[in-house]
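Participant: Contents of work-v2.cif (mmCIF, C-alpha atoms and all ligand atoms) are below:
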data_query
loop_
_atom_site.label_atom_id
_atom_site.label_comp_id
_atom_site.auth_asym_id
_atom_site.auth_seq_id
_atom_site.Cartn_x
_atom_site.Cartn_y
_atom_site.Cartn_z
CA MET A 138 48.08 -31.42 37.45
CA ALA A 139 45.64 -33.12 35.09
CA GLU A 140 46.91 -34.24 31.72
CA VAL A 141 46.05 -32.22 28.60
CA TYR A 142 45.81 -34.21 25.36
CA GLN A 143 46.02 -32.28 22.11
CA ALA A 144 46.36 -32.55 18.35
CA SER A 145 46.40 -29.99 15.53
CA THR A 146 45.62 -29.93 11.86
CA THR A 147 44.82 -27.57 9.02
CA ALA A 148 42.09 -27.69 6.40
CA PRO A 149 41.92 -25.73 3.17
CA VAL A 150 39.17 -23.61 1.66
CA ASN A 151 37.50 -25.29 -1.31
CA ILE A 152 35.79 -23.50 -4.19
CA ALA A 153 32.91 -25.28 -5.90
CA VAL A 154 32.85 -25.57 -9.68
CA VAL A 155 29.53 -27.44 -9.50
CA LYS A 156 27.62 -25.65 -6.75
CA TYR A 157 25.82 -26.93 -3.66
CA TRP A 158 22.69 -24.85 -3.11
CA GLY A 159 19.63 -26.32 -1.43
CA LYS A 160 19.01 -28.87 1.32
CA ARG A 161 16.59 -31.76 1.24
CA ASP A 162 17.23 -32.23 4.98
CA PRO A 163 18.36 -29.05 6.79
CA LYS A 164 19.14 -30.88 10.03
CA LEU A 165 21.60 -33.36 8.51
CA ASN A 166 22.70 -30.91 5.77
CA LEU A 167 21.66 -33.33 3.03
CA PRO A 168 21.83 -31.52 -0.31
CA THR A 169 19.36 -31.41 -3.19
CA ASN A 170 22.21 -31.99 -5.65
CA SER A 171 25.76 -33.30 -5.84
CA SER A 172 28.67 -30.85 -6.23
CA VAL A 173 32.35 -30.69 -7.20
CA SER A 174 35.08 -28.48 -5.78
CA VAL A 175 38.72 -27.67 -6.30
CA THR A 176 40.85 -27.20 -3.22
CA LEU A 177 43.13 -24.20 -3.27
CA SER A 178 46.51 -23.45 -1.80
CA GLN A 179 47.79 -25.09 1.32
CA VAL A 180 49.52 -21.92 2.33
CA ASP A 181 47.21 -19.01 1.70
CA LEU A 182 43.65 -19.95 2.57
CA ARG A 183 43.39 -22.33 5.50
CA THR A 184 42.01 -22.86 8.95
CA HIS A 185 44.50 -24.10 11.53
CA THR A 186 42.86 -25.87 14.46
CA THR A 187 44.11 -27.38 17.69
CA ALA A 188 41.79 -29.65 19.65
CA ALA A 189 42.60 -30.40 23.28
CA CYS A 190 40.82 -32.24 26.05
CA SER A 191 41.46 -32.50 29.76
CA SER A 192 39.66 -33.19 33.01
CA SER A 193 40.93 -29.76 34.09
CA PHE A 194 38.69 -28.03 31.51
CA SER A 195 35.24 -27.16 32.83
CA GLU A 196 33.24 -27.26 29.57
CA ASP A 197 33.53 -27.52 25.77
CA THR A 198 34.87 -24.26 24.29
CA LEU A 199 35.77 -22.94 20.83
CA LEU A 200 37.92 -19.88 20.06
CA LEU A 201 37.89 -18.65 16.44
CA ASN A 202 40.42 -15.96 15.58
CA SER A 203 40.69 -15.31 19.34
CA SER A 204 36.94 -14.78 19.90
CA PRO A 205 34.88 -17.24 21.93
CA GLN A 206 32.17 -18.96 19.83
CA ASP A 207 28.91 -20.51 20.92
CA VAL A 208 29.31 -24.29 20.81
CA SER A 209 25.73 -25.04 21.84
CA GLY A 210 24.43 -24.88 18.22
CA ALA A 211 23.09 -28.10 16.71
CA ARG A 212 25.81 -28.26 14.04
CA THR A 213 28.80 -28.09 16.37
CA GLN A 214 27.04 -30.38 18.83
CA ALA A 215 26.41 -32.96 16.08
CA CYS A 216 30.14 -33.01 15.22
CA PHE A 217 31.19 -33.33 18.88
CA ARG A 218 28.61 -36.07 19.52
CA GLU A 219 29.58 -38.20 16.51
CA LEU A 220 33.31 -37.93 17.14
CA ARG A 221 32.87 -38.69 20.86
CA SER A 222 30.80 -41.75 20.10
CA LEU A 223 33.48 -43.09 17.70
CA ARG A 224 36.11 -42.53 20.42
CA ALA A 225 33.89 -44.18 23.04
CA ALA A 226 33.59 -47.26 20.80
CA LEU A 227 37.41 -47.41 20.52
CA GLU A 228 37.74 -47.07 24.29
CA SER A 229 35.27 -49.86 24.99
CA SER A 230 37.09 -52.22 22.63
CA ASN A 231 40.48 -51.26 24.09
CA PRO A 232 40.21 -50.55 27.84
CA SER A 233 43.85 -49.44 28.10
CA LEU A 234 43.09 -46.27 26.09
CA PRO A 235 42.62 -43.05 28.09
CA LYS A 236 38.93 -42.11 28.41
CA LEU A 237 39.10 -38.98 26.25
CA SER A 238 35.50 -39.25 25.07
CA SER A 239 34.17 -38.02 28.40
CA LEU A 240 36.55 -35.04 28.79
CA PRO A 241 35.62 -31.44 27.91
CA LEU A 242 37.08 -30.20 24.61
CA ARG A 243 38.93 -26.95 24.01
CA ILE A 244 39.17 -26.01 20.32
CA VAL A 245 41.31 -23.13 19.05
CA SER A 246 41.01 -22.12 15.37
CA GLU A 247 42.62 -19.43 13.24
CA ASN A 248 41.66 -18.47 9.68
CA ASN A 249 44.18 -16.68 7.50
CA PHE A 250 41.48 -15.26 5.19
CA PRO A 251 38.35 -13.10 5.59
CA THR A 252 35.57 -14.91 7.44
CA ALA A 253 32.18 -15.17 5.70
CA ALA A 254 33.21 -13.23 2.58
CA GLY A 255 32.19 -15.95 0.16
CA LEU A 256 35.52 -17.69 0.69
CA ALA A 257 33.94 -20.74 2.28
CA SER A 258 35.25 -20.11 5.77
CA SER A 259 32.75 -22.49 7.34
CA ALA A 260 33.99 -25.24 5.03
CA ALA A 261 37.61 -25.00 6.14
CA GLY A 262 36.49 -24.35 9.73
CA PHE A 263 34.34 -27.44 10.22
CA ALA A 264 36.72 -29.66 8.22
CA ALA A 265 39.63 -28.60 10.45
CA LEU A 266 37.53 -29.00 13.62
CA VAL A 267 36.48 -32.55 12.69
CA ARG A 268 39.96 -33.58 11.55
CA ALA A 269 41.63 -32.09 14.65
CA ILE A 270 39.29 -33.95 17.03
CA ALA A 271 39.62 -37.16 14.98
CA ASN A 272 43.41 -36.83 15.32
CA LEU A 273 43.10 -36.13 19.05
CA TYR A 274 40.96 -39.26 19.44
CA GLU A 275 43.23 -41.29 17.11
CA LEU A 276 40.22 -42.43 15.10
CA PRO A 277 40.97 -44.81 12.25
CA SER A 278 38.29 -43.09 10.10
CA SER A 279 39.00 -42.31 6.44
CA PRO A 280 38.55 -38.77 5.02
CA THR A 281 35.29 -39.97 3.44
CA ASP A 282 34.05 -41.22 6.85
CA LEU A 283 34.98 -37.88 8.42
CA SER A 284 33.32 -36.01 5.54
CA CYS A 285 29.98 -37.41 6.72
CA ILE A 286 30.55 -35.76 10.12
CA ALA A 287 31.94 -32.47 8.75
CA ARG A 288 28.91 -32.21 6.45
CA GLN A 289 26.70 -31.90 9.52
CA GLY A 290 28.74 -28.87 10.60
CA SER A 291 28.48 -27.18 7.22
CA GLY A 292 27.58 -28.86 3.94
CA SER A 293 30.56 -27.63 1.95
CA ALA A 294 32.94 -28.65 4.78
CA CYS A 295 32.75 -32.27 3.66
CA ARG A 296 34.71 -31.33 0.53
CA SER A 297 37.56 -29.71 2.54
CA LEU A 298 38.71 -33.07 3.94
CA PHE A 299 40.44 -33.73 0.62
CA GLY A 300 42.77 -31.83 -1.67
CA GLY A 301 42.58 -31.54 -5.42
CA TYR A 302 39.30 -32.34 -7.19
CA VAL A 303 36.51 -33.52 -4.91
CA ALA A 304 32.92 -34.63 -5.45
CA TRP A 305 30.25 -34.49 -2.76
CA GLN A 306 27.83 -37.23 -3.73
CA MET A 307 24.35 -36.17 -2.65
CA GLY A 308 23.37 -39.73 -1.70
CA SER A 309 19.83 -41.01 -1.33
CA LYS A 310 19.59 -42.48 2.19
CA VAL A 311 17.52 -40.64 4.79
CA ASP A 312 20.20 -41.02 7.46
CA GLY A 313 22.77 -39.29 5.19
CA SER A 314 25.31 -42.11 5.46
CA ASP A 315 25.89 -42.03 1.68
CA SER A 316 26.06 -38.22 1.42
CA VAL A 317 29.85 -38.06 1.50
CA ALA A 318 32.85 -36.54 -0.25
CA VAL A 319 35.19 -38.56 -2.46
CA GLU A 320 38.36 -37.60 -4.26
CA LEU A 321 37.94 -37.37 -8.05
CA ALA A 322 41.63 -36.71 -8.64
CA PRO A 323 44.57 -35.42 -6.62
CA ALA A 324 45.89 -31.95 -7.48
CA SER A 325 48.95 -33.57 -9.07
CA HIS A 326 46.66 -35.05 -11.74
CA TRP A 327 46.42 -31.61 -13.38
CA PRO A 328 49.65 -29.81 -12.51
CA THR A 329 49.08 -26.85 -14.85
CA MET A 330 45.82 -25.78 -13.17
CA ARG A 331 45.98 -22.31 -11.57
CA ALA A 332 43.52 -20.01 -9.89
CA LEU A 333 43.47 -16.29 -9.27
CA ILE A 334 41.29 -14.97 -6.48
CA LEU A 335 39.92 -11.46 -6.79
CA VAL A 336 39.06 -10.32 -3.31
CA VAL A 337 36.37 -7.81 -4.22
CA SER A 338 35.14 -7.45 -0.67
CA ALA A 339 36.29 -8.90 2.63
CA GLU A 340 33.08 -7.80 4.34
CA LYS A 341 30.63 -10.26 5.84
CA LYS A 342 28.03 -11.30 3.28
CA GLY A 343 24.47 -9.92 3.45
CA VAL A 344 22.52 -13.19 3.24
CA SER A 345 23.93 -16.32 4.87
CA SER A 346 24.12 -19.43 2.69
CA THR A 347 21.97 -21.43 5.09
CA SER A 348 19.03 -19.03 5.07
CA GLY A 349 19.56 -18.04 1.42
CA MET A 350 19.33 -21.58 0.14
CA GLN A 351 16.22 -22.34 2.19
CA ILE A 352 14.43 -19.31 0.70
CA THR A 353 15.55 -20.44 -2.76
CA VAL A 354 14.20 -23.95 -2.20
CA GLY A 355 10.90 -22.47 -1.03
CA THR A 356 10.38 -19.85 -3.74
CA SER A 357 12.37 -20.48 -6.96
CA GLU A 358 10.94 -22.57 -9.79
CA LEU A 359 14.23 -22.30 -11.65
CA PHE A 360 15.80 -24.11 -8.69
CA GLN A 361 13.78 -27.26 -9.36
CA ARG A 362 15.07 -27.51 -12.90
CA ARG A 363 18.61 -26.76 -11.75
CA ALA A 364 18.58 -29.58 -9.19
CA GLU A 365 16.87 -32.15 -11.41
CA VAL A 366 18.26 -31.44 -14.89
CA VAL A 367 21.11 -28.90 -14.97
CA VAL A 368 23.34 -30.15 -12.15
CA PRO A 369 23.22 -33.87 -13.04
CA LYS A 370 24.35 -32.93 -16.57
CA HIS A 371 27.09 -30.64 -15.22
CA MET A 372 28.29 -33.32 -12.76
CA GLU A 373 28.81 -35.74 -15.61
CA LEU A 374 30.57 -33.22 -17.87
CA MET A 375 32.74 -31.87 -15.05
CA THR A 376 33.85 -35.30 -13.84
CA LYS A 377 34.89 -36.28 -17.37
CA ALA A 378 36.60 -32.91 -18.01
CA ILE A 379 38.70 -33.35 -14.86
CA GLN A 380 39.57 -36.96 -15.73
CA GLU A 381 40.66 -35.90 -19.22
CA ARG A 382 42.23 -32.56 -18.18
CA ASP A 383 39.98 -30.90 -20.73
CA PHE A 384 40.18 -27.23 -19.78
CA GLU A 385 37.65 -25.98 -22.34
CA THR A 386 34.89 -28.18 -20.91
CA PHE A 387 36.06 -27.59 -17.33
CA GLY A 388 35.95 -23.84 -17.92
CA LYS A 389 32.64 -23.80 -19.76
CA VAL A 390 30.86 -25.90 -17.13
CA THR A 391 32.43 -23.85 -14.31
CA MET A 392 31.09 -20.60 -15.78
CA MET A 393 27.67 -22.04 -16.66
CA GLU A 394 27.37 -23.47 -13.14
CA SER A 395 28.21 -20.14 -11.54
CA ASN A 396 25.68 -18.41 -13.81
CA SER A 397 23.01 -21.03 -13.10
CA PHE A 398 23.53 -20.71 -9.33
CA HIS A 399 23.38 -16.88 -9.40
CA ALA A 400 20.34 -16.97 -11.72
CA THR A 401 18.64 -19.17 -9.13
CA CYS A 402 19.54 -16.63 -6.46
CA LEU A 403 17.96 -13.89 -8.56
CA ASP A 404 14.89 -16.09 -9.07
CA THR A 405 14.54 -16.40 -5.28
CA PHE A 406 11.83 -14.22 -3.75
CA PRO A 407 12.89 -11.78 -2.38
CA PRO A 408 15.93 -11.97 -4.70
CA ILE A 409 19.45 -12.62 -3.44
CA PHE A 410 22.26 -10.56 -4.99
CA TYR A 411 25.77 -11.80 -4.39
CA LEU A 412 27.50 -10.29 -7.44
CA ASN A 413 28.35 -6.58 -7.63
CA ASP A 414 29.69 -4.26 -10.35
CA VAL A 415 33.29 -5.41 -9.84
CA SER A 416 32.15 -9.06 -10.09
CA ARG A 417 30.39 -8.30 -13.38
CA ALA A 418 33.47 -6.43 -14.67
CA ALA A 419 35.51 -9.57 -13.89
CA ILE A 420 33.09 -11.68 -15.96
CA ARG A 421 33.57 -9.31 -18.90
CA VAL A 422 37.37 -9.51 -18.57
CA VAL A 423 37.20 -13.31 -18.75
CA GLU A 424 34.99 -13.06 -21.83
CA ASP A 425 37.56 -10.71 -23.43
CA ILE A 426 40.40 -13.08 -22.60
CA ASN A 427 38.57 -16.02 -24.17
CA ARG A 428 37.62 -13.98 -27.23
CA LYS A 429 41.27 -12.97 -27.74
CA ALA A 430 42.44 -16.58 -27.28
CA GLY A 431 39.75 -17.90 -29.64
CA LYS A 432 38.82 -20.59 -27.07
CA ILE A 433 38.11 -20.96 -23.37
CA VAL A 434 41.38 -20.45 -21.52
CA ALA A 435 39.94 -18.75 -18.41
CA ALA A 436 36.83 -19.41 -16.31
CA TYR A 437 35.18 -17.42 -13.52
CA THR A 438 33.17 -18.67 -10.61
CA PHE A 439 31.48 -16.86 -7.70
CA ASP A 440 30.10 -18.32 -4.48
CA ALA A 441 27.81 -16.61 -1.98
CA GLY A 442 29.67 -13.31 -2.26
CA PRO A 443 31.20 -10.94 -4.83
CA ASN A 444 34.74 -12.40 -4.84
CA ALA A 445 35.79 -14.02 -8.11
CA VAL A 446 37.88 -17.12 -8.53
CA ILE A 447 39.41 -17.35 -12.01
CA TYR A 448 40.72 -20.71 -13.19
CA PHE A 449 43.28 -20.97 -16.00
CA GLU A 450 46.26 -23.07 -17.02
CA GLU A 451 49.83 -22.07 -16.34
CA GLN A 452 50.65 -21.56 -20.00
CA ASN A 453 48.01 -18.81 -20.17
CA SER A 454 48.97 -17.03 -16.97
CA GLY A 455 50.56 -14.08 -18.79
CA LEU A 456 47.43 -13.42 -20.82
CA VAL A 457 45.02 -13.90 -17.89
CA ALA A 458 46.92 -11.96 -15.22
CA GLY A 459 47.96 -9.25 -17.71
CA LEU A 460 44.43 -8.52 -18.90
CA PHE A 461 43.08 -8.57 -15.36
CA LYS A 462 45.69 -6.11 -14.18
CA SER A 463 45.09 -3.68 -17.02
CA ALA A 464 41.29 -4.00 -17.02
CA LEU A 465 40.59 -4.00 -13.32
CA GLY A 466 43.66 -2.15 -12.10
CA SER A 467 41.84 1.16 -12.25
CA LEU A 468 38.87 -0.08 -10.22
CA ASP A 469 38.88 0.25 -6.47
CA GLY A 470 38.07 -2.69 -4.28
CA TRP A 471 39.93 -5.66 -5.58
CA GLN A 472 43.25 -7.29 -5.03
CA GLY A 473 44.53 -10.26 -6.96
CA ARG A 474 46.05 -13.28 -5.31
CA ASP A 475 47.68 -16.08 -7.27
CA ILE A 476 46.88 -19.40 -5.74
CA GLU A 477 48.13 -22.75 -6.92
CA VAL A 478 46.03 -25.85 -6.57
CA GLN A 479 47.77 -28.09 -4.10
CA GLU A 480 47.34 -31.42 -2.42
CA ALA A 481 45.69 -31.59 0.97
CA THR A 482 48.00 -33.50 3.20
CA ASP A 483 47.07 -34.62 6.62
CA VAL A 484 49.63 -32.25 8.03
CA ASP A 485 49.28 -33.20 11.63
CA ALA A 486 47.90 -36.70 11.66
CA ARG A 487 50.42 -37.30 14.36
CA ALA A 488 50.15 -39.25 17.54
CA VAL A 489 48.36 -37.56 20.38
CA GLU A 490 50.73 -35.45 22.40
CA VAL A 491 50.43 -35.72 26.12
CA LEU A 492 51.29 -32.44 27.76
CA LYS A 493 51.90 -32.40 31.48
C1 LIG A 501 29.29 -24.41 -2.62
N1 LIG A 501 28.11 -22.65 -1.36
O1 LIG A 501 29.07 -25.47 -3.24
C2 LIG A 501 28.17 -23.41 -2.55
C3 LIG A 501 28.21 -22.41 -3.66
C4 LIG A 501 27.88 -21.26 -1.61
C5 LIG A 501 27.69 -21.15 -3.06
O2 LIG A 501 28.38 -24.40 -0.03
O3 LIG A 501 24.22 -24.28 5.39
O4 LIG A 501 28.19 -22.68 4.01
O5 LIG A 501 26.58 -24.58 6.19
O6 LIG A 501 25.51 -26.27 4.68
O7 LIG A 501 28.20 -25.06 3.16
C6 LIG A 501 27.82 -22.47 1.06
O8 LIG A 501 27.04 -23.27 1.86
O9 LIG A 501 26.05 -23.98 3.85
C7 LIG A 501 28.13 -23.23 -0.15
P1 LIG A 501 25.57 -24.83 5.08
P2 LIG A 501 27.49 -23.79 3.28
O10 LIG A 501 30.41 -24.17 -2.12
#
Could you render the structure from this file as structure tokens?

Facilitator:
Amino acid sequence: MAEVYQASTTAPVNIAVVKYWGKRDPKLNLPTNSSVSVTLSQVDLRTHTTAACSSSFSEDTLLLNSSPQDVSGARTQACFRELRSLRAALESSNPSLPKLSSLPLRIVSENNFPTAAGLASSAAGFAALVRAIANLYELPSSPTDLSCIARQGSGSACRSLFGGYVAWQMGSKVDGSDSVAVELAPASHWPTMRALILVVSAEKKGVSSTSGMQITVGTSELFQRRAEVVVPKHMELMTKAIQERDFETFGKVTMMESNSFHATCLDTFPPIFYLNDVSRAAIRVVEDINRKAGKIVAAYTFDAGPNAVIYFEEQNSGLVAGLFKSALGSLDGWQGRDIEVQEATDVDARAVEVLK
């Protein structure tokens, strides 16, 4: 029987605090602005992926949550092609290596969170896919190198190759080689940071990010100002706030970023609405919390969906969780989940297993 080679890994969901929205090159997923994310729990919100290859497989396949996925799309193909060409280069420099680059791939992925509900499922998905294949091929690539490949699967995926606080530098080269993710700080840098996720809806979102952002780029004048003036300022403030563990600035920029992104969505024609009444109620609860505290101790952010992520520091968890429970407890359609910020570890960067 033919040998089956396999390797597994997991990748976490990341939530942007400076948002990616808009592509200058839709084929390579090159963004119109840089972004920053915080990677959430290792345990609760992750994609687990196993990549296998064998001459006994007839073609490349991908199963996500037990359903077969189309792998012929340009994004998945770009990831396969780049990873195979890195493996082929290794094989030509070391002829004793098995010729894995020419074998069909079988990828099996499982998410433990709602797909396409604004919880960045494509980010964790493509990051896990790229890392799993890189492990299978025993590539010596760094997370930043792999981020350049994952970006071609889904822009935000490049940030899920790291844990903690991550910047995706937009870069300026036309081939995208400098549009990569880098770690700003590990999660351990700010051990008191906490996040609460309000799952307002686990339904699939109405407008996909890919098409939404293209319509924004084509129709919103606010978008231009956001990309050229607002985000560069927020990138600078956010990077410094993280370095200095300055929660007030971190929180203020996080909320202003979310508002700026959703204002741009509203300024898109036809408009894109991701927030709903429960999302807006969550914003008011955060404002109440900060008013009571006399400073910013909690910050909301929303991606391309109605679910809220609330950041706060451990010492304020009683105030934040308490007010959320009493204010939103009577509303239908949300459930709170406490998530700690954790390190991304390369869980399964283990040697390739050879299964007979
Ligand atoms: C972000 N979002 O920075 C922003 C905030 C949604 C709102 O990245 O077309 O799924 O696959 O590159 O990465 C969602 O965009 O889009 C996203 P593609 P992606 O997290």

Participant: Write out as a ChimeraX atom specification each polymer residue (protein, DNA or RNA) that has an atom no more than 9 Å from ligand LIG 501 (chain A), with all atoms listed in the file counted.

Facilitator: /A:151-160,163,165-168,171-174,212,253,255-260,288-296,345-351,395,398-399,439-442

Participant: So that I have them on file, write out the residues from the current selection with C-alpha atoms, as a PDB file, in the frame of the given file.

Facilitator:
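This is the output file part-v1.pdb:
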ATOM      1  CA  ASN A 151      37.500 -25.290  -1.310  1.00  0.00           C
ATOM      2  CA  ILE A 152      35.790 -23.500  -4.190  1.00  0.00           C
ATOM      3  CA  ALA A 153      32.910 -25.280  -5.900  1.00  0.00           C
ATOM      4  CA  VAL A 154      32.850 -25.570  -9.680  1.00  0.00           C
ATOM      5  CA  VAL A 155      29.530 -27.440  -9.500  1.00  0.00           C
ATOM      6  CA  LYS A 156      27.620 -25.650  -6.750  1.00  0.00           C
ATOM      7  CA  TYR A 157      25.820 -26.930  -3.660  1.00  0.00           C
ATOM      8  CA  TRP A 158      22.690 -24.850  -3.110  1.00  0.00           C
ATOM      9  CA  GLY A 159      19.630 -26.320  -1.430  1.00  0.00           C
ATOM     10  CA  LYS A 160      19.010 -28.870   1.320  1.00  0.00           C
ATOM     11  CA  PRO A 163      18.360 -29.050   6.790  1.00  0.00           C
ATOM     12  CA  LEU A 165      21.600 -33.360   8.510  1.00  0.00           C
ATOM     13  CA  ASN A 166      22.700 -30.910   5.770  1.00  0.00           C
ATOM     14  CA  LEU A 167      21.660 -33.330   3.030  1.00  0.00           C
ATOM     15  CA  PRO A 168      21.830 -31.520  -0.310  1.00  0.00           C
ATOM     16  CA  SER A 171      25.760 -33.300  -5.840  1.00  0.00           C
ATOM     17  CA  SER A 172      28.670 -30.850  -6.230  1.00  0.00           C
ATOM     18  CA  VAL A 173      32.350 -30.690  -7.200  1.00  0.00           C
ATOM     19  CA  SER A 174      35.080 -28.480  -5.780  1.00  0.00           C
ATOM     20  CA  ARG A 212      25.810 -28.260  14.040  1.00  0.00           C
ATOM     21  CA  ALA A 253      32.180 -15.170   5.700  1.00  0.00           C
ATOM     22  CA  GLY A 255      32.190 -15.950   0.160  1.00  0.00           C
ATOM     23  CA  LEU A 256      35.520 -17.690   0.690  1.00  0.00           C
ATOM     24  CA  ALA A 257      33.940 -20.740   2.280  1.00  0.00           C
ATOM     25  CA  SER A 258      35.250 -20.110   5.770  1.00  0.00           C
ATOM     26  CA  SER A 259      32.750 -22.490   7.340  1.00  0.00           C
ATOM     27  CA  ALA A 260      33.990 -25.240   5.030  1.00  0.00           C
ATOM     28  CA  ARG A 288      28.910 -32.210   6.450  1.00  0.00           C
ATOM     29  CA  GLN A 289      26.700 -31.900   9.520  1.00  0.00           C
ATOM     30  CA  GLY A 290      28.740 -28.870  10.600  1.00  0.00           C
ATOM     31  CA  SER A 291      28.480 -27.180   7.220  1.00  0.00           C
ATOM     32  CA  GLY A 292      27.580 -28.860   3.940  1.00  0.00           C
ATOM     33  CA  SER A 293      30.560 -27.630   1.950  1.00  0.00           C
ATOM     34  CA  ALA A 294      32.940 -28.650   4.780  1.00  0.00           C
ATOM     35  CA  CYS A 295      32.750 -32.270   3.660  1.00  0.00           C
ATOM     36  CA  ARG A 296      34.710 -31.330   0.530  1.00  0.00           C
ATOM     37  CA  SER A 345      23.930 -16.320   4.870  1.00  0.00           C
ATOM     38  CA  SER A 346      24.120 -19.430   2.690  1.00  0.00           C
ATOM     39  CA  THR A 347      21.970 -21.430   5.090  1.00  0.00           C
ATOM     40  CA  SER A 348      19.030 -19.030   5.070  1.00  0.00           C
ATOM     41  CA  GLY A 349      19.560 -18.040   1.420  1.00  0.00           C
ATOM     42  CA  MET A 350      19.330 -21.580   0.140  1.00  0.00           C
ATOM     43  CA  GLN A 351      16.220 -22.340   2.190  1.00  0.00           C
ATOM     44  CA  SER A 395      28.210 -20.140 -11.540  1.00  0.00           C
ATOM     45  CA  PHE A 398      23.530 -20.710  -9.330  1.00  0.00           C
ATOM     46  CA  HIS A 399      23.380 -16.880  -9.400  1.00  0.00           C
ATOM     47  CA  PHE A 439      31.480 -16.860  -7.700  1.00  0.00           C
ATOM     48  CA  ASP A 440      30.100 -18.320  -4.480  1.00  0.00           C
ATOM     49  CA  ALA A 441      27.810 -16.610  -1.980  1.00  0.00           C
ATOM     50  CA  GLY A 442      29.670 -13.310  -2.260  1.00  0.00           C
TER      51      GLY A 442
END

Participant: Of the candidates A:Val367, A:Ile447, A:Ala418, A:Pro408, which one gets nearest to Ala332 (chain A) if we count all atoms listed in the file?

Facilitator: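 Looking at the shortest contact to Ala332 (chain A), the residue is A:Ile447.
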
Participant: Please report as JSON lines every residue of region 240-349 of chain A lying within 10 Å of region 220-227 of chain A, along with the nearest atom pair and their distance in Å (one decimal), using all atoms listed in the file.

Facilitator:
{"residue": "A:Leu240", "atom": "CA", "partner": "A:Arg221", "partner_atom": "CA", "distance": 9.5}
{"residue": "A:Val267", "atom": "CA", "partner": "A:Leu220", "partner_atom": "CA", "distance": 7.7}
{"residue": "A:Arg268", "atom": "CA", "partner": "A:Leu220", "partner_atom": "CA", "distance": 9.7}
{"residue": "A:Ile270", "atom": "CA", "partner": "A:Leu220", "partner_atom": "CA", "distance": 7.2}
{"residue": "A:Ala271", "atom": "CA", "partner": "A:Leu220", "partner_atom": "CA", "distance": 6.7}
{"residue": "A:Leu273", "atom": "CA", "partner": "A:Arg224", "partner_atom": "CA", "distance": 9.6}
{"residue": "A:Tyr274", "atom": "CA", "partner": "A:Arg224", "partner_atom": "CA", "distance": 5.9}
{"residue": "A:Glu275", "atom": "CA", "partner": "A:Arg224", "partner_atom": "CA", "distance": 7.9}
{"residue": "A:Leu276", "atom": "CA", "partner": "A:Arg224", "partner_atom": "CA", "distance": 6.7}
{"residue": "A:Pro277", "atom": "CA", "partner": "A:Leu227", "partner_atom": "CA", "distance": 9.4}
{"residue": "A:Ser278", "atom": "CA", "partner": "A:Leu223", "partner_atom": "CA", "distance": 9.0}
{"residue": "A:Leu283", "atom": "CA", "partner": "A:Leu220", "partner_atom": "CA", "distance": 8.9}
{"residue": "A:Ile286", "atom": "CA", "partner": "A:Leu220", "partner_atom": "CA", "distance": 7.8}

Participant: With only C-alpha atoms counted, which protein, DNA or RNA residues have an atom no more than 12 Å from (27.9, -25.6, 19.0) in the file frame? Please answer as a PyMOL selection string.

Facilitator: chain A and resi 196-200+205-218+242+244+263+266+289-291

Participant: From the options A:Thr176, A:Thr391, A:Asn444, A:Asn249, which residue's atoms come nearest to Asn413 (chain A), counting all atoms listed in the file?

Facilitator: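 Nearest to Asn413 (chain A): A:Asn444.
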
Participant: Name the residues in contact with Phe194 (chain A) at a cut-off of 12 Å, using only C-alpha atoms, excluding same-chain residues fewer than 6 positions from it; report them as an NGL selection string.

Facilitator: :A and (138-142 or 239-244)

Participant: Choose the residue, out of A:Leu237, A:Ala261, A:Val354, A:Leu321, that has the smallest atom-to-atom separation from Ala378 (chain A); count only C-alpha atoms.

Facilitator: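 Comparing A:Leu237, A:Ala261, A:Val354, A:Leu321 against Ala378 (chain A), the winner is A:Leu321.
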
Participant: Which is closest to Thr376 (chain A) among A:Glu320, A:Asp404, A:Glu451, A:Glu424, if we use only C-alpha atoms?

Facilitator: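 Closest to Thr376 (chain A) of all the choices is A:Glu320.
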
Participant: If I wrap all listed atoms of region 385-392 of chain A in a box with edges along x, y and z and add 8 Å on each side, what are its centre and edge lengths in Å to one decimal, as lines of an AutoDock Vina configuration file?

Facilitator:
center_x = 34.3
center_y = -24.4
center_z = -18.3
size_x = 22.8
size_y = 23.6
size_z = 24.0
